[in-house]
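Dumped start_13.txt below, it's compact mmCIF, C-alpha atoms:
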```txt
# COMPACT_ATOMS: atom_id res chain seq x y z
CA MET A 235 93.94 177.62 186.29
CA THR A 236 91.04 179.66 187.59
CA THR A 237 89.94 178.93 191.15
CA PRO A 238 86.21 179.35 191.91
CA SER A 239 85.56 182.07 194.45
CA GLY A 240 83.05 180.46 196.77
CA PRO A 241 80.30 177.90 197.34
CA ASP A 242 77.78 180.02 195.42
CA ASP A 243 80.06 180.47 192.40
CA PRO A 244 78.34 178.93 189.32
CA LEU A 245 81.72 177.75 188.03
CA GLU A 246 82.29 175.76 191.22
CA GLU A 247 78.82 174.26 191.02
CA ALA A 248 79.44 173.29 187.40
CA LEU A 249 82.85 171.81 188.32
CA ASP A 250 81.21 169.62 190.99
CA ALA A 251 78.53 168.45 188.54
CA LEU A 252 81.07 167.66 185.83
CA GLY A 253 83.38 165.92 188.30
CA ASP A 254 80.53 163.66 189.41
CA ARG A 255 79.79 162.83 185.78
CA TYR A 256 83.26 162.49 184.26
CA GLY A 257 85.80 162.40 187.10
CA SER A 258 88.92 163.98 185.60
CA VAL A 259 87.85 167.55 184.78
CA ALA A 260 90.05 170.67 185.02
CA LEU A 261 88.98 174.31 184.99
CA GLY A 262 91.06 176.88 183.11
CA ASP A 263 89.80 180.45 182.72
CA ARG A 264 86.11 179.75 182.05
CA THR A 265 86.61 176.44 180.24
CA PHE A 266 86.14 172.92 181.60
CA VAL A 267 88.64 170.48 180.10
CA LEU A 268 87.95 166.75 180.13
CA ARG A 269 91.43 165.29 180.56
CA SER A 270 90.59 161.63 179.89
CA PRO A 271 89.68 160.70 176.29
CA VAL A 272 86.04 159.88 175.66
CA HIS A 273 85.05 156.60 174.02
CA GLY A 274 82.42 158.14 171.76
CA ASP A 275 82.05 161.39 169.85
CA ALA A 276 84.10 164.21 171.37
CA GLY A 277 81.71 166.81 169.95
CA PHE A 278 78.74 165.25 171.73
CA ALA A 279 80.75 165.10 174.98
CA VAL A 280 81.36 168.86 174.68
CA LEU A 281 77.62 169.48 174.25
CA GLN A 282 76.88 167.39 177.34
CA MET A 283 79.47 169.33 179.36
CA LEU A 284 78.01 172.66 178.24
CA ALA A 285 74.54 171.45 179.22
CA LEU A 286 75.78 170.64 182.73
CA ALA A 287 77.68 173.95 183.03
CA GLN A 288 75.13 176.17 181.26
CA GLY A 289 74.42 178.21 184.40
CA ALA A 290 78.03 179.46 184.47
CA HIS A 291 77.86 181.17 181.06
CA PRO A 292 79.84 182.36 179.28
CA VAL A 293 81.45 178.94 179.62
CA GLY A 294 83.57 176.67 177.45
CA ALA A 295 84.27 172.94 177.26
CA ALA A 296 86.96 170.80 175.64
CA ALA A 297 87.23 167.05 175.05
CA HIS A 298 89.06 164.58 172.84
CA GLY A 299 88.49 161.03 171.71
CA PRO A 300 89.38 158.56 168.96
CA GLY A 301 89.84 160.55 165.79
CA ALA A 302 88.59 163.94 167.01
CA VAL A 303 89.25 166.95 169.25
CA ALA A 304 86.33 169.25 170.10
CA ILE A 305 85.75 172.52 171.93
CA GLY A 306 82.57 174.49 172.53
CA VAL A 307 81.28 177.68 174.10
CA TRP A 308 77.86 178.68 175.42
CA ARG A 309 77.25 182.41 175.41
CA PRO A 310 73.47 182.95 175.31
CA PRO A 311 71.82 182.84 172.91
CA ASP A 312 74.73 181.47 170.84
CA LEU A 313 76.40 178.09 171.08
CA TYR A 314 79.46 177.20 168.99
CA VAL A 315 81.26 173.86 168.53
CA VAL A 316 84.62 173.28 166.83
CA LYS A 317 85.77 169.80 165.78
CA TRP A 318 89.16 168.77 164.46
CA THR A 319 89.11 165.49 162.53
CA GLN A 320 90.94 165.45 159.20
CA ASN A 321 90.20 169.17 159.06
CA ARG A 322 88.59 171.84 161.22
CA TRP A 323 84.84 172.36 161.16
CA ILE A 324 82.87 174.95 163.15
CA ALA A 325 79.10 174.95 163.71
CA GLY A 326 77.08 177.75 165.23
CA TYR A 327 73.60 177.58 166.80
CA ARG A 328 71.28 180.32 168.00
CA LEU A 329 68.86 179.09 170.65
CA PRO A 330 65.40 180.62 171.05
CA ARG A 331 64.92 183.16 173.80
CA GLY A 332 64.85 181.49 177.20
CA SER A 333 66.17 178.15 175.87
CA LYS A 334 69.29 176.43 177.14
CA PRO A 335 71.49 173.62 175.76
CA ALA A 336 70.15 171.11 178.31
CA ASP A 337 66.62 171.59 176.96
CA TYR A 338 67.68 169.90 173.71
CA ILE A 339 70.45 167.57 174.91
CA ARG A 340 68.10 165.88 177.38
CA SER A 341 65.11 165.60 175.05
CA GLU A 342 66.72 165.11 171.62
CA GLY A 343 70.32 164.16 172.42
CA ARG A 344 71.63 166.96 170.19
CA ILE A 345 71.14 170.56 169.16
CA PRO A 346 68.61 170.49 166.27
CA SER A 347 69.94 171.48 162.86
CA ARG A 348 67.04 173.92 162.47
CA LEU A 349 68.80 176.14 165.04
CA GLU A 350 72.04 176.35 163.04
CA SER A 351 73.27 179.89 162.49
CA GLY A 352 76.26 178.98 160.32
CA ASN A 353 79.08 176.58 159.39
CA TRP A 354 82.69 177.58 158.82
CA TYR A 355 85.82 175.76 157.65
CA ALA A 356 88.47 178.34 156.72
CA ASP A 357 87.52 181.94 157.51
CA VAL A 358 85.89 182.39 160.93
CA PRO A 359 83.74 185.45 161.81
CA ASP A 360 85.15 187.71 164.52
CA GLU A 361 82.14 187.16 166.80
CA VAL A 362 82.80 183.40 166.78
CA SER A 363 86.52 183.80 167.56
CA ASP A 364 85.69 186.35 170.27
CA ALA A 365 83.22 183.98 171.93
CA PHE A 366 85.93 181.33 172.33
CA HIS A 367 88.57 183.86 173.35
CA GLU A 368 86.27 185.07 176.14
CA VAL A 369 86.43 181.66 177.84
CA GLY A 370 90.14 181.09 177.18
CA LEU A 371 89.95 179.00 173.98
CA LEU A 372 91.31 179.58 170.48
CA VAL A 373 89.80 178.25 167.27
CA GLU A 374 93.32 178.24 165.79
CA ALA A 375 94.89 176.10 168.54
CA PRO A 376 93.14 172.94 169.79
CA PRO A 377 93.77 172.08 173.47
CA PHE A 378 94.74 168.51 172.49
CA THR A 379 96.80 167.16 169.60
CA PRO A 380 94.42 166.77 166.64
CA PRO A 381 94.26 163.50 164.67
CA GLU A 382 97.05 162.85 162.20
CA VAL A 383 96.11 163.61 158.61
CA LEU A 384 96.01 160.35 156.63
CA PRO A 385 97.81 160.14 153.25
CA PRO A 386 95.57 160.33 150.18
CA PRO A 387 94.41 156.98 148.79
CA GLU A 388 96.16 155.46 145.78
CA PRO A 389 94.72 156.76 142.50
CA LYS A 390 92.02 154.45 141.17
CA ARG A 391 93.52 154.26 137.68
CA ARG A 392 96.79 152.80 138.96
CA ALA A 393 95.01 150.23 141.15
CA ALA A 394 92.62 149.28 138.34
CA ALA A 395 95.50 148.82 135.88
CA ALA A 396 97.37 146.55 138.32
CA ALA A 397 94.23 144.49 138.92
CA ALA A 398 93.64 144.12 135.18
CA LYS A 399 97.20 142.89 134.52
CA ALA A 400 97.15 140.19 137.22
CA PRO A 401 94.47 137.92 135.68
CA ALA A 402 96.04 138.43 132.23
CA ARG A 403 99.40 137.11 133.49
CA ARG A 404 97.71 134.14 135.17
CA ALA A 405 95.78 133.34 131.99
CA ALA A 406 98.97 133.40 129.88
CA ALA A 407 100.78 130.99 132.21
CA ALA A 408 97.99 128.43 132.48
CA PRO A 409 97.09 126.10 129.56
CA ALA A 410 93.84 126.92 127.84
CA PRO A 411 91.05 124.57 128.98
CA LYS A 412 89.18 122.45 126.42
CA ARG A 413 85.97 123.97 125.30
CA THR A 414 82.83 122.00 125.83
CA PRO A 415 79.56 122.93 124.18
CA ALA A 416 77.33 124.79 126.55
CA PRO A 417 73.94 123.19 127.14
CA ARG A 418 71.12 124.99 125.46
CA SER A 419 68.78 126.64 127.82
CA ARG A 420 66.10 129.21 127.67
CA PRO A 421 67.40 132.74 128.21
CA GLN A 422 66.64 134.05 131.62
CA GLU A 423 65.60 137.57 132.33
CA GLU A 424 68.14 139.71 134.12
CA PRO A 425 67.00 140.40 137.70
CA LYS A 426 66.11 143.99 138.29
CA PRO A 427 68.54 145.79 140.63
CA PRO A 428 67.07 146.78 143.99
CA PRO A 429 66.16 150.45 144.37
CA PRO A 430 68.85 152.58 146.05
CA PRO A 431 68.42 153.06 149.82
CA THR A 432 66.61 156.22 150.88
CA ASP A 433 67.90 156.26 154.44
CA ARG A 434 70.68 154.91 156.62
CA VAL A 435 71.86 154.92 160.24
CA CYS A 436 74.36 157.52 161.47
CA PRO A 437 77.15 155.68 163.39
CA SER A 438 77.51 158.65 165.79
CA CYS A 439 73.94 159.29 167.01
CA ASN A 440 72.55 155.84 165.93
CA MET A 441 69.51 157.49 164.37
CA ARG A 442 68.07 156.49 160.98
CA ARG A 443 68.05 159.48 158.68
CA SER A 444 67.35 160.29 155.04
CA VAL A 445 70.37 160.05 152.73
CA THR A 446 69.88 163.75 152.00
CA GLN A 447 70.93 164.48 155.62
CA PHE A 448 74.44 163.08 155.01
CA THR A 449 77.30 165.10 153.57
CA PRO A 450 78.79 163.38 150.45
CA GLY A 451 81.87 161.43 151.44
CA SER A 452 80.99 161.36 155.16
CA ASP A 453 79.39 158.62 157.27
CA LEU A 454 78.06 161.19 159.77
CA CYS A 455 74.76 163.04 159.46
CA VAL A 456 74.66 166.84 159.35
CA ASP A 457 73.88 167.00 163.09
CA CYS A 458 76.95 164.94 164.07
CA ARG A 459 79.61 166.54 161.85
```
How would this structure read if it were set down as structure tokens?
Amino acid sequence: MTTPSGPDDPLEEALDALGDRYGSVALGDRTFVLRSPVHGDAGFAVLQMLALAQGAHPVGAAAHGPGAVAIGVWRPPDLYVVKWTQNRWIAGYRLPRGSKPADYIRSEGRIPSRLESGNWYADVPDEVSDAFHEVGLLVEAPPFTPPEVLPPPEPKRRAAAAAAKAPARRAAAAPAPKRTPAPRSRPQEEPKPPPPPTDRVCPSCNMRRSVTQFTPGSDLCVDCR
């Protein structure tokens, strides 16, 4: 663990601010680690920590919560966040000159997607790995145990075949009911299906967004991945 050098050390000031906010925070190298699990999104907790510690840059943060482990680094003008859920996802942002993470976290509650500089899943650029290594973090080794990978769902064809056989077996066992003539009635027009929704609420940031801002197969918007 790195020990701050004095009362004017920006790392010590950041440690005091984070301790007042979260309580159980440890400092290793130049990274603040939130030991207790967060109740919400671990990635958002990392952004909040970096906003509080932005004056100590280059600085890193790490947190974990239900279903996710996240780390981040602020090295002006670049900010990077790594999240481990069922797989690893890395997002990079380049902030305008003179801007800081707190400018956006306080006003918008996130880093706007318009500031994204890249997204990576497998291969990671050297400058991204170097930024994390500078503060004592590794994109290959999360500081907490990542979520367990769930087994793939049962193939739909097998489930559909089993569902189709069940009513057939019940129909064969039960006696056929007597047919009664159906009363004549005027044919009714089929109701038109409602139009598909054009927006929905992201469960992470609780903001209503266009369906085009969601990645297929994910409940989270592009800003909360």
Discussion item. Can you pull out the residues contacting A:His273? Cut-off 10 Å, using only C-alpha atoms, and skip same-chain residues under 5 positions away; I want them as an NGL selection string.
Written reply: :A and (279 or 298-300)
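Atom CA of A:Thr379 sits 17.6 Å away from atom CA of A:Val259.
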Item to complete: Select, from A:Ala285, A:Ile305, A:Ala375, A:Leu268, the residue with the minimum atom-to-atom distance to A:Lys317, counting only C-alpha atoms.
Response: A:Ile305
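For the residues A:Thr265, A:Gln288, A:Ser270, A:Gln320, ranking by smallest atom-to-atom distance to A:Arg459 using only C-alpha atoms places A:Gln320 first.
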Worksheet item: Taking into account all atoms listed in the file, which residue in the set A:Gln282, A:Thr319, A:Ser347, A:Gln447 is nearest to A:Ala248?
Response: A:Gln282
Worksheet item: Which of these residues is nearest to A:Arg309, using only C-alpha atoms: A:Ile324, A:Leu454, A:Cys436, A:Val362?
Response: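 Distance minimum relative to A:Arg309 lands on A:Val362.
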Worksheet item: Using only C-alpha atoms, which residue out of A:Val369, A:Pro380, A:Ala287, A:Asp275 lies closest to A:Trp318?
Response: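 Once distances to A:Trp318 are computed over only C-alpha atoms, the minimum belongs to A:Pro380.
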